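Right, one structure below, let's go through it.
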Amino acid sequence: MADSLVVAWRNLKRIPRIPELAVFAILQSVMFVLLFSFVFGGAIPLPGGGSYREYLMAGIFAQTLTFAAATTAIGITDDLAKGLIDRFRSLPMSRSAFLTGRTVSDVVYNAAILAVLMITGLIVGWRVRNGLVDFLAAVALGLLFAYAMAWVGVWLGLLVPTVEVAQQVAFTAIFPITFLSNAFVPVQTLPGVLQPVAEWNPVSTLTASMRALFGNPNPFGSGDFPTEHPIPVTLIWVAALVTLFGSLSIRRYRAMSR
């Protein structure tokens, strides 16, 4: 644990030294907020009514936290290309700290971006209708999901040879997941064959969970289990993703370290 925290601190110290990393990540997310709220907001009616901007923000949060996988994949690949594993291998430290330190630092990084997004949401009209406890529960659930997606990014980053390939692979894998969901449009508006996929999509369950906890419009109900119980389903997804991709990442990392 101590070694992991040291590695996490090492990763976080890069942010003020390379501020463009955080600046452009924040600008990209803010751009999505402005585009969808002002350009598409008037063209997307919600079943049952409600403010589209309040509906949108949980989807933006979920999309941003899902893209934690891309951030992690690029960081892992960059460290590998620079020979960081060889240097860490010569130190009296836990080998797993390289992986766990990266996931912890990326969760902290995404928490800061999430805070900026929430301020942006308040400016464009987003409001939290429930109490402080539900708000904190939504944030905690989102950061747990970001941690799970970071492990997906670790696995992708260990597989590819260059940063450029990591960026392309991560975005190619993640973009369909975020848009085939209820993040930006109600599931009911999707083609019938895609609706079950979108309902079970972890991005959809996270988005619906955050909307429910924030007290925002949440037209996400077909009577199926994920629509009626999005929070437990999201926690199951988090556990499954961490278990699966954590195991795959550790196996891959051990093979590279021999």
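Residues in the structure tokens are named by chain (A, B, ... in the order shown) and by number from 1 within that chain; ligands are numbered from 1 in the order shown.
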
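For A:Met256, the list of residues within 9 Å, based on only C-alpha atoms and with local chain neighbours fewer than 4 positions off taken out, reads Leu158, Arg251 and Arg252 of chain A.
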
* To do: Using only C-alpha atoms, determine which residues lie at most 6 Å from A:Ser4, disregarding the query and same-chain residues fewer than 6 positions distant; provide the list as a ChimeraX atom specification.
  => /A:97,100-101

* Close residues, stretch 152-155 of chain A itself excluded, 10 Å, only C-alpha atoms, min 2 positions apart in chain, as an MDAnalysis selection string -> chainID A and resid 66:77 99:100 102:103 146:150 157:160 166 170 241:242 244:253

Preceding selection exported with N, CA, C and O atoms as a compact mmCIF listing (two decimals), in the first residue's frame:
```txt
# COMPACT_ATOMS: atom_id res chain seq x y z
N THR A 66 -16.02 7.16 -17.53
CA THR A 66 -15.74 5.99 -18.37
C THR A 66 -14.44 6.19 -19.14
O THR A 66 -13.66 5.24 -19.32
N PHE A 67 -14.19 7.42 -19.56
CA PHE A 67 -12.96 7.69 -20.30
C PHE A 67 -11.72 7.68 -19.40
O PHE A 67 -10.61 7.94 -19.87
N ALA A 68 -11.91 7.38 -18.12
CA ALA A 68 -10.74 7.13 -17.26
C ALA A 68 -9.91 5.99 -17.82
O ALA A 68 -8.68 5.96 -17.64
N ALA A 69 -10.56 5.06 -18.51
CA ALA A 69 -9.82 3.94 -19.11
C ALA A 69 -8.82 4.44 -20.14
O ALA A 69 -7.69 3.94 -20.22
N ALA A 70 -9.22 5.42 -20.95
CA ALA A 70 -8.32 5.95 -21.97
C ALA A 70 -7.13 6.66 -21.32
O ALA A 70 -5.98 6.50 -21.75
N THR A 71 -7.41 7.45 -20.29
CA THR A 71 -6.32 8.15 -19.59
C THR A 71 -5.31 7.17 -19.02
O THR A 71 -4.10 7.35 -19.15
N THR A 72 -5.82 6.11 -18.40
CA THR A 72 -4.92 5.11 -17.80
C THR A 72 -4.14 4.37 -18.86
O THR A 72 -2.93 4.13 -18.70
N ALA A 73 -4.81 3.97 -19.93
CA ALA A 73 -4.13 3.22 -21.00
C ALA A 73 -2.98 4.03 -21.58
O ALA A 73 -1.87 3.49 -21.79
N ILE A 74 -3.23 5.30 -21.84
CA ILE A 74 -2.18 6.14 -22.42
C ILE A 74 -1.03 6.31 -21.44
O ILE A 74 0.15 6.25 -21.81
N GLY A 75 -1.35 6.52 -20.15
CA GLY A 75 -0.29 6.68 -19.15
C GLY A 75 0.54 5.43 -18.97
O GLY A 75 1.79 5.50 -18.88
N ILE A 76 -0.11 4.26 -18.94
CA ILE A 76 0.62 3.00 -18.79
C ILE A 76 1.54 2.78 -19.98
O ILE A 76 2.72 2.41 -19.83
N THR A 77 1.03 2.98 -21.19
CA THR A 77 1.84 2.76 -22.39
C THR A 77 3.02 3.72 -22.44
O THR A 77 4.14 3.34 -22.83
N LEU A 99 0.97 -0.81 -10.98
CA LEU A 99 -0.40 -0.88 -11.49
C LEU A 99 -1.37 -0.19 -10.54
O LEU A 99 -2.18 0.64 -10.96
N THR A 100 -1.32 -0.55 -9.27
CA THR A 100 -2.27 0.01 -8.32
C THR A 100 -2.06 1.50 -8.12
O THR A 100 -3.02 2.27 -7.95
N ARG A 102 -1.05 3.58 -10.37
CA ARG A 102 -1.64 4.26 -11.53
C ARG A 102 -3.15 4.37 -11.40
O ARG A 102 -3.73 5.42 -11.68
N THR A 103 -3.83 3.31 -10.98
CA THR A 103 -5.29 3.36 -10.87
C THR A 103 -5.73 4.36 -9.80
O THR A 103 -6.69 5.10 -10.00
N ALA A 146 -15.02 4.82 -11.91
CA ALA A 146 -13.79 5.29 -12.54
C ALA A 146 -12.62 4.37 -12.19
O ALA A 146 -11.74 4.11 -13.03
N TYR A 147 -12.60 3.88 -10.94
CA TYR A 147 -11.54 2.94 -10.54
C TYR A 147 -11.62 1.65 -11.35
O TYR A 147 -10.59 1.13 -11.80
N ALA A 148 -12.85 1.16 -11.56
CA ALA A 148 -13.01 -0.06 -12.36
C ALA A 148 -12.56 0.18 -13.80
O ALA A 148 -11.87 -0.66 -14.39
N MET A 149 -12.94 1.33 -14.37
CA MET A 149 -12.53 1.62 -15.74
C MET A 149 -11.02 1.83 -15.85
O MET A 149 -10.42 1.58 -16.90
N ALA A 150 -10.40 2.30 -14.77
CA ALA A 150 -8.95 2.45 -14.79
C ALA A 150 -8.27 1.10 -14.98
O ALA A 150 -7.24 0.99 -15.67
N GLY A 157 -3.46 -0.69 -21.85
CA GLY A 157 -2.14 -0.08 -21.94
C GLY A 157 -1.01 -1.08 -21.95
O GLY A 157 0.04 -0.84 -22.56
N LEU A 158 -1.19 -2.22 -21.29
CA LEU A 158 -0.16 -3.27 -21.27
C LEU A 158 -0.13 -4.08 -22.57
O LEU A 158 0.84 -4.79 -22.82
N LEU A 159 -1.19 -3.97 -23.37
CA LEU A 159 -1.28 -4.77 -24.59
C LEU A 159 -0.66 -4.10 -25.81
O LEU A 159 -0.17 -4.78 -26.71
N VAL A 160 -0.73 -2.76 -25.85
CA VAL A 160 -0.37 -2.06 -27.08
C VAL A 160 1.06 -1.53 -27.01
O VAL A 160 1.60 -1.30 -25.91
N ALA A 166 -2.44 3.18 -28.19
CA ALA A 166 -3.26 3.15 -26.97
C ALA A 166 -4.41 4.13 -27.07
O ALA A 166 -5.55 3.82 -26.69
N ALA A 170 -8.24 2.76 -27.14
CA ALA A 170 -9.10 3.13 -26.02
C ALA A 170 -10.34 3.89 -26.50
O ALA A 170 -11.46 3.57 -26.09
N LEU A 241 -15.78 -5.77 -13.31
CA LEU A 241 -14.71 -5.16 -14.10
C LEU A 241 -13.37 -5.19 -13.37
O LEU A 241 -12.33 -5.48 -13.97
N VAL A 242 -13.39 -4.88 -12.07
CA VAL A 242 -12.14 -4.90 -11.30
C VAL A 242 -11.58 -6.32 -11.23
O VAL A 242 -10.37 -6.54 -11.41
N LEU A 244 -12.17 -8.95 -13.28
CA LEU A 244 -11.75 -9.47 -14.58
C LEU A 244 -10.50 -8.78 -15.09
O LEU A 244 -9.48 -9.42 -15.37
N PHE A 245 -10.57 -7.47 -15.21
CA PHE A 245 -9.45 -6.76 -15.83
C PHE A 245 -8.28 -6.59 -14.87
O PHE A 245 -7.13 -6.46 -15.32
N GLY A 246 -8.54 -6.61 -13.55
CA GLY A 246 -7.43 -6.63 -12.61
C GLY A 246 -6.63 -7.92 -12.74
O GLY A 246 -5.39 -7.90 -12.79
N SER A 247 -7.32 -9.04 -12.86
CA SER A 247 -6.63 -10.34 -13.03
C SER A 247 -5.88 -10.39 -14.35
O SER A 247 -4.72 -10.84 -14.40
N LEU A 248 -6.52 -9.94 -15.43
CA LEU A 248 -5.86 -9.95 -16.74
C LEU A 248 -4.64 -9.03 -16.74
O LEU A 248 -3.59 -9.37 -17.32
N SER A 249 -4.76 -7.88 -16.09
CA SER A 249 -3.64 -6.93 -16.05
C SER A 249 -2.47 -7.50 -15.27
O SER A 249 -1.31 -7.38 -15.70
N ILE A 250 -2.75 -8.10 -14.12
CA ILE A 250 -1.68 -8.67 -13.30
C ILE A 250 -0.98 -9.80 -14.05
O ILE A 250 0.26 -9.91 -14.04
N ARG A 251 -1.75 -10.65 -14.72
CA ARG A 251 -1.16 -11.74 -15.49
C ARG A 251 -0.27 -11.21 -16.60
O ARG A 251 0.84 -11.69 -16.83
N ARG A 252 -0.76 -10.20 -17.31
CA ARG A 252 0.02 -9.61 -18.40
C ARG A 252 1.27 -8.94 -17.87
O ARG A 252 2.36 -9.06 -18.44
N TYR A 253 1.15 -8.24 -16.74
CA TYR A 253 2.30 -7.53 -16.17
C TYR A 253 3.36 -8.50 -15.69
O TYR A 253 4.56 -8.28 -15.87
```

Write out as CSV the residues of stretch 157-226 of chain A that have any atom within 12 Å of an atom of stretch 28-43 of chain A, one row each with the nearest atom pair and its distance in Å to one decimal, counting only C-alpha atoms, sorted by chain and then rising number.
```
residue,atom,partner,partner_atom,distance
A:Ala183,CA,A:Phe36,CA,10.9
A:Phe184,CA,A:Phe36,CA,8.0
A:Val185,CA,A:Gly41,CA,10.1
```

* **From A:Pro19, A:Pro191, A:Pro226, A:Gly121, residue lying nearest A:Glu54 [only C-alpha atoms]** =>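 Using only C-alpha atoms, the shortest distance to A:Glu54 belongs to A:Gly121.
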